[in-house]
Amino acid sequence: MDLDVITKYSALHAKPGGLILQYGTAGFRTKAEHLDHVMFRMGLLAVLRSKQTKSTIGVMVTASHNPEEDNGVKLVDPLGEMLAPSWEEHATCLANAEEQDMQRVLIGIIEKEAVNLQQDAFVVIGRDTRPSSEKLSHSVIDGVTILRGQFHDYGLLTTPQLHYMVYCRNTSGQYGKATIEGYYQKLSKAFVELTKQASCSGDEYRTLKVDCANGIGALKLREMEHYFSQGLSVHLFNDGTKGKLNHLCGADFVKSHQKPPEGMEMKSNERCCSFDGDADRIVYYYRDADGHFHLIDGDKIATLISSFLKELLLEIGENLNIGVVQTAYANGSSTRYLEEVMKVLFSKVAEMKIKQLAKELEDNKRKVAKMLENIIDLFNQAAGDAISDMLVTEAILALKGLTIQQWDALYTDLPNRQLKVKVADRQVINTTDAERQAVTPPGLQEAINGLVKKYRLSRAFVRPSGTEDVVRVYAEADSQESADSLAHEVSLAVFQLAGGVGERPQPGF
């Protein structure tokens, strides 16, 4: 490793003075014009991580649901998972190092992680459709090549597709082919096999309206749709031909504002869904006959899937436990339903057992076990994936003969509201208890506790955004009016106690 050459090339990707960034759950995100040096350095880091793990490492250039003028980057570890926490710290140190400190920081990482510089390295790269993404991905490649790493540039991919490619490459193709065609074929084959079993689909010919947030999801779904068209017809909206990425559309917009995206005509009881900008999030929704908007988020998607899996397992006489992982945002009604009705761990061991059962059981049970095997293949097990989750959901609705209204009626969500509060520094808020309790700043949690006591069936929490200098507020209560009021009052407490900037939060949504 020629440190002088690295220093020379680093100067061509100079760090803006005074810029400090933090690698979080979503990697680095900020305005695109501030990221050139970060991309070059993450190329360097990906090579070191690849050498240390003796595995292919992924680098994804995206800012997901952030505005179009932002961009970001995150590294993908060998099995498609998030970067290890200790290497997140290395990423932050390397991104923030001044030019004169670059050599020292790199040597520190190599020594601490015992990186064998003679080991080969391979990095795969993907990017979203933002105008800045192609140029920034070239900066990543510069970093990879200066450390003599090998690479494959997949070009335009959804974030989950890059995770999938990394997983495939590091399992020697056992999980699947590390190509976009391999991804399309694996998921579509499983979907078509499943939907062939549907005796009553609820619709004679199933159609779904998809808001693609003017992002990469539209491009990839358009390429993929002919593989599964015999089981589902998708009509794409906000497909990137006009309109800005994530502007008044996409999963984050629909979830936060609890209303349909711009650019989509909705008739009553039509099934609709929205992806986010890099297609790793999905929400469903519909309008009822009275014109009321109904949101079906990840909690209800997880409930549909877990209940279906449990039914199939019981049919083949397997009493396996099923676990559902929820975040602090999970609606209280969904948690109660899962605990009281489902009593819901679906592990690798269970997956292997199901595949074996599919070969051994008598005809009827073998058919059910084969359905379970197809469900497993339909999931992108490397990452949350809007396309995969959409196909799983559509297959289950067809197999169970459920309309979207019947699915929605599994349980009734408590009314809720999510808000954002702009702050000077989001890191002033630290949380505990799975982000449901604020530890700092002093007095904030006490203020939230006092506000929650004013409302029935209520709870509220705040957490710093992983992507921008805002604090996210979540509130739920027994009525929408109460949830809105609680969210507003908590927002004011955040603004006052956590360094709010700009205009004070106003009531009304």
# chains A, B, ... in the order shown; residues from 1 in each chain; ligands from 1
$ residues_around --residues "His37 (chain A)" --least-positions-apart "5" --cutoff "8 Å" --atoms "only C-alpha atoms" --output "list of chain:residue names"
A:Ser10, A:His13, A:Ala14, A:Lys15, A:Ala95, A:Ser139
$ closest_atom_pairs --of "region 202-250 of chain A" --to "region 122-130 of chain A" --cutoff "8 Å" --atoms "only C-alpha atoms" --output "JSON lines"
{"residue": "A:Gly215", "atom": "CA", "partner": "A:Thr129", "partner_atom": "CA", "distance": 6.2}
{"residue": "A:Ile216", "atom": "CA", "partner": "A:Thr129", "partner_atom": "CA", "distance": 5.6}
{"residue": "A:Leu245", "atom": "CA", "partner": "A:Arg130", "partner_atom": "CA", "distance": 7.6}
$ write_last_selection --atoms "N, CA, C and O atoms" --output "PDB file, in the first residue's frame"
ATOM      1  N   GLY A 215     -38.477   7.123  -8.261  1.00  0.00           N
ATOM      2  CA  GLY A 215     -37.161   6.574  -7.942  1.00  0.00           C
ATOM      3  C   GLY A 215     -36.830   5.310  -8.716  1.00  0.00           C
ATOM      4  O   GLY A 215     -37.505   4.917  -9.671  1.00  0.00           O
ATOM      5  N   ILE A 216     -35.783   4.637  -8.258  1.00  0.00           N
ATOM      6  CA  ILE A 216     -35.231   3.454  -8.901  1.00  0.00           C
ATOM      7  C   ILE A 216     -36.234   2.303  -8.942  1.00  0.00           C
ATOM      8  O   ILE A 216     -36.179   1.447  -9.837  1.00  0.00           O
ATOM      9  N   LEU A 245     -37.799  13.204  -7.295  1.00  0.00           N
ATOM     10  CA  LEU A 245     -37.661  12.056  -6.402  1.00  0.00           C
ATOM     11  C   LEU A 245     -38.196  12.391  -5.015  1.00  0.00           C
ATOM     12  O   LEU A 245     -37.820  13.404  -4.414  1.00  0.00           O
TER      13      LEU A 245
END
$ residues_around --residues "Tyr175 (chain A)" --least-positions-apart "3" --cutoff "10 Å" --atoms "only C-alpha atoms" --output "number ranges by chain"
A: 164-165, 167-172, 178, 186, 377, 380-382
